[in-house]
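Here the structure is laid out as structure tokens; the discussion comes afterwards.
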Protein chains: 4
Amino acid sequence: MSPRTEQQYEDIRESRRSAIMQAGLEMFAKHSIETASIALIAQHAGISKGLIYNYFENKESLILAIVMDGLRKFTTLAPELNGKTMTKPEIIQYIERTFSLLENHVSYWKLYFSIVLHPAVMKMAEPHLQEAILPVVDMLTGYYTDQGVADPAAQALFLGSVLDGISLNYLVNPDLYPLQTIKEIIIQKLV
Amino acid sequence: MSPRTEQQYEDIRESRRSAIMQAGLEMFAKHSIETASIALIAQHAGISKGLIYNYFENKESLILAIVMDGLRKFTTLAPELNGKTMTKPEIIQYIERTFSLLENHVSYWKLYFSIVLHPAVMKMAEPHLQEAILPVVDMLTGYYTDQGVADPAAQALFLGSVLDGISLNYLVNPDLYPLQTIKEIIIQKLV
Amino acid sequence: MSPRTEQQYEDIRESRRSAIMQAGLEMFAKHSIETASIALIAQHAGISKGLIYNYFENKESLILAIVMDGLRKFTTLAPELNGKTMTKPEIIQYIERTFSLLENHVSYWKLYFSIVLHPAVMKMAEPHLQEAILPVVDMLTGYYTDQGVADPAAQALFLGSVLDGISLNYLVNPDLYPLQTIKEIIIQKLV
Amino acid sequence: MSPRTEQQYEDIRESRRSAIMQAGLEMFAKHSIETASIALIAQHAGISKGLIYNYFENKESLILAIVMDGLRKFTTLAPELNGKTMTKPEIIQYIERTFSLLENHVSYWKLYFSIVLHPAVMKMAEPHLQEAILPVVDMLTGYYTDQGVADPAAQALFLGSVLDGISLNYLVNPDLYPLQTIKEIIIQKLV
DNA sequence: GATGAATGAGTGTTCATTCAT
DNA sequence: CATGAATGAACACTCATTCAT
């Protein structure tokens, strides 16, 4: 008789929103950002097309929300430094966590790369990507500065690029890429 | 006013085909594979839409042709080995050539990555990509075997991944990425 | 905390219904019949979408109710004649009342005209419009018959058309249209 | 074998464009601007939806083109004055021409009114409407100035409003409205 | 070889309406 | 009485592809 309570509505919205983002992530990763239609995502989520627009203003907003959500997972990997710089065990742990994240969220990382390379979408996501990546780069730069290497910023950028390249190759064929062996090579050569 | 010779027709066809591929490459890189329409490519090439179908069966074929063409440029970078393995100067030269190619064909490499990440197109291009990359991986594996490292195949794969990662980061922002400094780091650490 | 009486329920219903119609009128006039959505009207009235359907069967019924309500305001302008015909002061007063109504209900009259011109809605509203306008036309015809003009019915129709035309032009730009001057011209020329 | 000549393409385009505008006019007048869909217009014109977009950028452009076309017919009604003012026979002839135009283009004038009253569309068409109407108002003002009436501008505006009102009432029910009789009343009372 | 008019399936998005609560 | 999540049909618009010339 009475309408649902505020809390009930909130719960419904939260779980639906999550489900749509999950379905979106899977379809975007499987098909590509343009090829995965809203209709397909809706079907995959088991809801009507129209409902997606009850939760996201448009396709772009949905993509951005997915990216931001994934980015949050990424940024929480870094240890709390509180002004100190990283120790060697910490950076090793950070690399290992990055690889775990990669293995546990293959779909998200596929999406991440397709966005980084997609001219239109990148324009929209880049500010947020930069914001998320900057503290990581700073952290790595601080580490290499402590190590006394010649050009710490370039060294940090290099490590970042290496992690990207490995991620990319791993994602193209997760089953065949020897991620563990590669991880050991990184730690041995670059840390 | 005599009719054109067979050879002349052949030349016209070849140069038209080339122009279409060039226009396609530029538009695919600037917009994205889905966003760049056949109409746009035709306009960019200064010809009619219909004519493109006189040279390529469909959009997919055009993309594949562009990729194969770029891949050919990539595979000819490797030195002629004739059964021998690479020397250190040769591998350094190979890395330098790779970077030159990158700097001279930014558009192509953007396209290359967007294809590698694009699920639908990749299915079509992957066999050819593998075929092109295999001899390079073999070559690098041979080099690391000579060096006596523990796992030469993994080491070769690692170097390939690193080159990919650097290419990717360079392409996202070619003006800001310190490609020369990074190159020196690679040679120092990985060769 | 006793339950509401029948009368209280009735009052709530009546005031809600009124508020919805007011919000509808404003939104239909501001946007247009098709562009003003039920969601917008609900928002403007400060209620939920669903509640509108508790008071009106559908969008069309809401429009019709608004039109009928406005029409009632219009028909009550005419003086009580009780079988007599209008005098000159009465017709002048009638014209002045019409213009006052126009100035006081700009939004309604915009809606009125958009409905008159709207093929689909008109089919639905026309019988009611005719029914409301007929006595006015009869009244004017009676007046012109008394004046002994050649074709009193045409004269009455003419005055009606003139009032429509002035209303239309006034509504398109209420601030710039010299309604008072125009009123004087009507009285001078047509009464 | 060879493609069509420029002239042939031009002819095709011209006749198709006309046909689309004609179909658009009819459907917009019959259903209303929002209710008449592009699909309906295409069907009425016997072509595909997509083709309309080969000739008009979007629905708005099609509407605007139809309005401008109709407006041109309207503005060519006025006599060539070359700085002189209108004589009484000329203004009578102008009014008669206006009514003929009305009778011959009922659909167009329905559309005209629906546009004038449509908030969104009006914003787009208003500058053009004003531009077209201004010289007519000036012409009428000149005439009344010659006649020595008290407020010639208001008088001209009044005549314009009257013509609008008559048009409106005529269009609502062309078969029953006594246009000829009304015309005589106008000439007798307002000229 | 070359053109561009034409098609039609597909896209993102909107919105009146329903209904469980 | 009142809510807003949910639906689905409809819409404007795009684009790879075909084909008469």
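Chains: A, B, ... in order of the structure tokens. Residues: from 1 per chain. Ligands: from 1, in order shown.
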
Cut-off 12 Å: closest chain D/chain E atom pairs per residue, using only C-alpha atoms (C1' of nucleotides), as a Markdown table:
| residue | atom | partner | partner_atom | distance |
| --- | --- | --- | --- | --- |
| D:Met1 | CA | E:DA2 | C1' | 8.8 |
| D:Ser2 | CA | E:DA2 | C1' | 6.9 |
| D:Pro3 | CA | E:DT3 | C1' | 5.0 |
| D:Arg4 | CA | E:DT3 | C1' | 7.1 |
| D:Thr5 | CA | E:DT3 | C1' | 9.1 |
| D:Glu6 | CA | E:DT3 | C1' | 9.9 |
| D:Gln8 | CA | E:DA5 | C1' | 11.3 |
| D:Tyr9 | CA | E:DG4 | C1' | 8.2 |
| D:Glu10 | CA | E:DA5 | C1' | 11.0 |
| D:Asp11 | CA | E:DA5 | C1' | 11.7 |
| D:Ile12 | CA | E:DA5 | C1' | 8.4 |
| D:Arg13 | CA | E:DA5 | C1' | 8.5 |
| D:Arg16 | CA | E:DA5 | C1' | 10.0 |
| D:Ala39 | CA | E:DG8 | C1' | 11.9 |
| D:Gly46 | CA | E:DA6 | C1' | 11.8 |
| D:Ile47 | CA | E:DA6 | C1' | 8.4 |
| D:Ser48 | CA | E:DT7 | C1' | 6.5 |
| D:Lys49 | CA | E:DG8 | C1' | 8.5 |
| D:Gly50 | CA | E:DT7 | C1' | 7.4 |
| D:Leu51 | CA | E:DA6 | C1' | 6.5 |
| D:Ile52 | CA | E:DA6 | C1' | 10.2 |
| D:Tyr53 | CA | E:DA6 | C1' | 11.2 |
| D:Asn54 | CA | E:DA5 | C1' | 8.5 |
| D:Tyr55 | CA | E:DA5 | C1' | 10.4 |

I'd like the contact shell of Gln93 (chain C) - 12 Å cut-off, only C-alpha atoms (C1' of nucleotides), skipping same-chain residues fewer than 3 positions apart - returned as a PDB file with C-alpha atoms, in the first residue's frame.
ATOM      1  CA  LEU C  77     -17.482  36.055 -19.780  1.00  0.00           C
ATOM      2  CA  ALA C  78     -20.718  36.522 -21.682  1.00  0.00           C
ATOM      3  CA  PRO C  79     -23.486  38.479 -19.901  1.00  0.00           C
ATOM      4  CA  MET C  86     -26.936  42.514 -26.370  1.00  0.00           C
ATOM      5  CA  THR C  87     -26.732  46.263 -26.181  1.00  0.00           C
ATOM      6  CA  LYS C  88     -23.750  48.176 -27.486  1.00  0.00           C
ATOM      7  CA  PRO C  89     -22.308  48.803 -23.990  1.00  0.00           C
ATOM      8  CA  GLU C  90     -22.662  45.107 -23.276  1.00  0.00           C
ATOM      9  CA  GLU C  96     -12.921  44.288 -22.849  1.00  0.00           C
ATOM     10  CA  ARG C  97     -13.428  41.252 -20.666  1.00  0.00           C
ATOM     11  CA  THR C  98     -12.062  39.060 -23.390  1.00  0.00           C
ATOM     12  CA  PHE C  99      -8.889  41.104 -23.569  1.00  0.00           C
ATOM     13  CA  SER C 100      -8.539  41.094 -19.790  1.00  0.00           C
ATOM     14  CA  LYS C 183      -8.967  47.355 -28.750  1.00  0.00           C
ATOM     15  CA  ILE C 187     -14.671  49.105 -30.981  1.00  0.00           C
ATOM     16  CA  VAL C 191     -19.146  47.608 -33.066  1.00  0.00           C
TER      17      VAL C 191
END

Quiz item: Can you list every residue in region 7-105 of chain B that DSSP puts in alpha helix (DSSP H), as a PyMOL selection string?
Solution: chain B and resi 7-30+38-45+49-55+59-75+88-104

Those same residues, written as a compact mmCIF listing (two decimals), in the first residue's frame with C-alpha atoms?
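And here is the file that came out, out35.txt:
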# COMPACT_ATOMS: atom_id res chain seq x y z
CA GLN B 7 50.84 -1.34 -67.42
CA GLN B 8 49.30 2.10 -67.11
CA TYR B 9 46.06 0.63 -65.78
CA GLU B 10 48.07 -1.37 -63.32
CA ASP B 11 49.92 1.74 -62.16
CA ILE B 12 46.67 3.68 -61.70
CA ARG B 13 45.20 0.84 -59.67
CA GLU B 14 48.30 0.56 -57.53
CA SER B 15 48.48 4.26 -56.73
CA ARG B 16 44.73 4.50 -56.04
CA ARG B 17 44.92 1.54 -53.74
CA SER B 18 47.82 3.09 -51.94
CA ALA B 19 46.05 6.42 -51.57
CA ILE B 20 42.98 4.75 -50.11
CA MET B 21 45.07 2.86 -47.60
CA GLN B 22 46.91 6.01 -46.60
CA ALA B 23 43.64 7.93 -46.16
CA GLY B 24 42.21 4.99 -44.24
CA LEU B 25 45.21 4.80 -41.94
CA GLU B 26 45.01 8.48 -41.15
CA MET B 27 41.29 8.48 -40.48
CA PHE B 28 41.29 5.26 -38.47
CA ALA B 29 44.08 6.61 -36.29
CA LYS B 30 42.50 10.02 -35.86
CA ILE B 38 33.95 4.90 -45.40
CA ALA B 39 32.48 8.21 -46.53
CA LEU B 40 35.05 10.10 -44.50
CA ILE B 41 37.92 8.05 -45.86
CA ALA B 42 36.68 8.54 -49.42
CA GLN B 43 36.42 12.28 -48.88
CA HIS B 44 39.90 12.36 -47.35
CA ALA B 45 41.25 10.45 -50.35
CA LYS B 49 32.59 6.13 -51.66
CA GLY B 50 31.81 3.55 -54.30
CA LEU B 51 35.32 3.46 -55.61
CA ILE B 52 36.69 2.11 -52.34
CA TYR B 53 34.64 -1.03 -52.95
CA ASN B 54 36.32 -1.36 -56.28
CA TYR B 55 39.61 -1.85 -54.46
CA LYS B 59 35.75 -2.09 -44.56
CA GLU B 60 37.25 -5.07 -42.78
CA SER B 61 39.42 -5.92 -45.77
CA LEU B 62 40.66 -2.37 -45.93
CA ILE B 63 41.65 -2.48 -42.28
CA LEU B 64 43.39 -5.80 -42.73
CA ALA B 65 45.29 -4.53 -45.76
CA ILE B 66 46.48 -1.49 -43.82
CA VAL B 67 47.60 -3.65 -40.93
CA MET B 68 49.45 -6.08 -43.18
CA ASP B 69 51.18 -3.24 -44.93
CA GLY B 70 52.35 -1.76 -41.65
CA LEU B 71 53.43 -5.14 -40.41
CA ARG B 72 55.63 -5.55 -43.45
CA LYS B 73 57.44 -2.34 -42.55
CA PHE B 74 57.99 -3.75 -39.09
CA THR B 75 59.30 -7.16 -40.12
CA LYS B 88 74.97 -7.00 -29.36
CA PRO B 89 75.47 -4.13 -31.86
CA GLU B 90 72.86 -5.72 -34.08
CA ILE B 91 70.27 -5.89 -31.34
CA ILE B 92 70.97 -2.29 -30.36
CA GLN B 93 70.58 -1.28 -33.96
CA TYR B 94 67.35 -3.23 -34.12
CA ILE B 95 65.95 -1.40 -31.08
CA GLU B 96 66.97 1.94 -32.54
CA ARG B 97 65.32 1.13 -35.82
CA THR B 98 62.16 0.15 -34.00
CA PHE B 99 62.04 3.51 -32.28
CA SER B 100 62.69 5.36 -35.54
CA LEU B 101 59.85 3.48 -37.14
CA LEU B 102 57.65 4.44 -34.23
CA GLU B 103 58.49 8.12 -34.56
CA ASN B 104 57.98 8.10 -38.31

Exercise. Could the residues of chain F within 9 Å of chain A, counting only C-alpha atoms (C1' of nucleotides), be given as a count of residues only, please?
Key: 8

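Using only C-alpha atoms, the nearest neighbour of chain A within the list B:Thr141, B:Ala132, B:His118, B:Ser37 is B:His118.
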
Self-check item: Neighbours of chain D in chain C at 8 Å, counting only C-alpha atoms, as a PyMOL selection string
Solution: chain C and resi 30-32+34+110+113-114+116-120+154-155+158+161-166+168-169+172+178+181-182+185+189-190

Keeping only N, CA and C atoms, write the selected residues as a CSV table (one decimal), in the first residue's frame.
chain,number,residue,atom,x,y,z
C,30,LYS,N,4.8,26.3,-22.1
C,30,LYS,CA,6.2,26.7,-22.2
C,30,LYS,C,6.9,25.9,-23.2
C,31,HIS,N,6.6,24.6,-23.3
C,31,HIS,CA,7.3,23.7,-24.2
C,31,HIS,C,6.5,23.4,-25.4
C,32,SER,N,5.4,22.7,-25.2
C,32,SER,CA,4.5,22.3,-26.3
C,32,SER,C,3.9,21.0,-25.8
C,34,GLU,N,3.7,18.0,-27.1
C,34,GLU,CA,4.6,16.8,-27.2
C,34,GLU,C,5.8,16.9,-26.4
C,110,LYS,N,-2.1,30.5,-25.1
C,110,LYS,CA,-1.1,29.8,-26.0
C,110,LYS,C,-1.5,28.3,-26.2
C,113,PHE,N,-4.4,27.9,-28.5
C,113,PHE,CA,-4.1,28.0,-30.0
C,113,PHE,C,-3.3,26.8,-30.4
C,114,SER,N,-2.4,26.3,-29.6
C,114,SER,CA,-1.6,25.2,-30.1
C,114,SER,C,-2.5,24.0,-30.2
C,116,VAL,N,-5.8,24.2,-31.1
C,116,VAL,CA,-6.7,24.4,-32.2
C,116,VAL,C,-5.9,24.0,-33.5
C,117,LEU,N,-4.6,24.2,-33.5
C,117,LEU,CA,-3.8,23.9,-34.7
C,117,LEU,C,-3.3,22.5,-34.7
C,118,HIS,N,-3.4,21.8,-33.6
C,118,HIS,CA,-2.8,20.5,-33.5
C,118,HIS,C,-3.8,19.4,-34.0
C,119,PRO,N,-3.6,18.8,-35.1
C,119,PRO,CA,-4.6,17.9,-35.7
C,119,PRO,C,-5.0,16.8,-34.8
C,120,ALA,N,-4.1,16.2,-34.1
C,120,ALA,CA,-4.5,15.0,-33.3
C,120,ALA,C,-5.4,15.4,-32.1
C,154,ALA,N,-22.2,36.3,-40.7
C,154,ALA,CA,-20.9,36.5,-41.2
C,154,ALA,C,-20.2,37.6,-40.4
C,155,GLN,N,-20.9,38.6,-40.1
C,155,GLN,CA,-20.4,39.7,-39.3
C,155,GLN,C,-19.9,39.2,-37.9
C,158,PHE,N,-16.9,37.1,-38.4
C,158,PHE,CA,-15.8,38.1,-38.6
C,158,PHE,C,-15.2,38.6,-37.3
C,161,SER,N,-13.3,36.0,-35.6
C,161,SER,CA,-12.0,35.8,-36.2
C,161,SER,C,-11.0,36.9,-35.9
C,162,VAL,N,-11.5,38.1,-35.8
C,162,VAL,CA,-10.6,39.2,-35.5
C,162,VAL,C,-10.1,39.1,-34.1
C,163,LEU,N,-11.0,38.7,-33.2
C,163,LEU,CA,-10.5,38.5,-31.8
C,163,LEU,C,-9.4,37.4,-31.7
C,164,ASP,N,-9.7,36.3,-32.5
C,164,ASP,CA,-8.7,35.3,-32.5
C,164,ASP,C,-7.3,35.8,-33.1
C,165,GLY,N,-7.4,36.5,-34.2
C,165,GLY,CA,-6.2,37.0,-34.8
C,165,GLY,C,-5.4,37.9,-33.9
C,166,ILE,N,-6.1,38.8,-33.2
C,166,ILE,CA,-5.4,39.7,-32.2
C,166,ILE,C,-4.8,38.9,-31.1
C,168,LEU,N,-3.8,35.8,-31.1
C,168,LEU,CA,-2.7,35.1,-31.6
C,168,LEU,C,-1.4,36.0,-31.7
C,169,ASN,N,-1.6,37.2,-32.3
C,169,ASN,CA,-0.5,38.1,-32.5
C,169,ASN,C,0.0,38.6,-31.1
C,172,VAL,N,2.1,35.9,-29.3
C,172,VAL,CA,3.5,35.6,-29.9
C,172,VAL,C,4.5,36.6,-29.2
C,178,PRO,N,0.5,46.3,-29.0
C,178,PRO,CA,-0.3,47.4,-28.4
C,178,PRO,C,-1.8,47.1,-28.2
C,181,THR,N,-4.5,50.0,-27.8
C,181,THR,CA,-4.8,50.7,-29.1
C,181,THR,C,-5.6,49.9,-30.0
C,182,ILE,N,-5.3,48.6,-30.2
C,182,ILE,CA,-6.0,47.7,-31.1
C,182,ILE,C,-7.4,47.6,-30.6
C,185,ILE,N,-9.5,50.4,-31.8
C,185,ILE,CA,-9.8,50.2,-33.2
C,185,ILE,C,-10.9,49.3,-33.5
C,189,LYS,N,-14.4,50.4,-35.2
C,189,LYS,CA,-14.7,49.9,-36.6
C,189,LYS,C,-15.8,48.8,-36.6
C,190,LEU,N,-15.8,48.0,-35.6
C,190,LEU,CA,-16.6,46.8,-35.8
C,190,LEU,C,-17.8,46.7,-34.8

Practice problem: Quote the spacing between CA of Glu131 (chain D) and CA of Ala153 (chain D) in Å to one decimal place. | Solution: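 A separation of 17.0 Å between them.
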
Quiz item: Just how far from CA of His105 (chain C) is CA of Glu126 (chain D), in Å to one decimal?
Solution: 23.1 Å

Practice problem: One decimal, Å: what's the distance from CA of Lys84 (chain D) over to CA of Tyr143 (chain D), could you say? | Solution: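 CA of Tyr143 (chain D) lies at a distance of 9.8 Å from CA of Lys84 (chain D).
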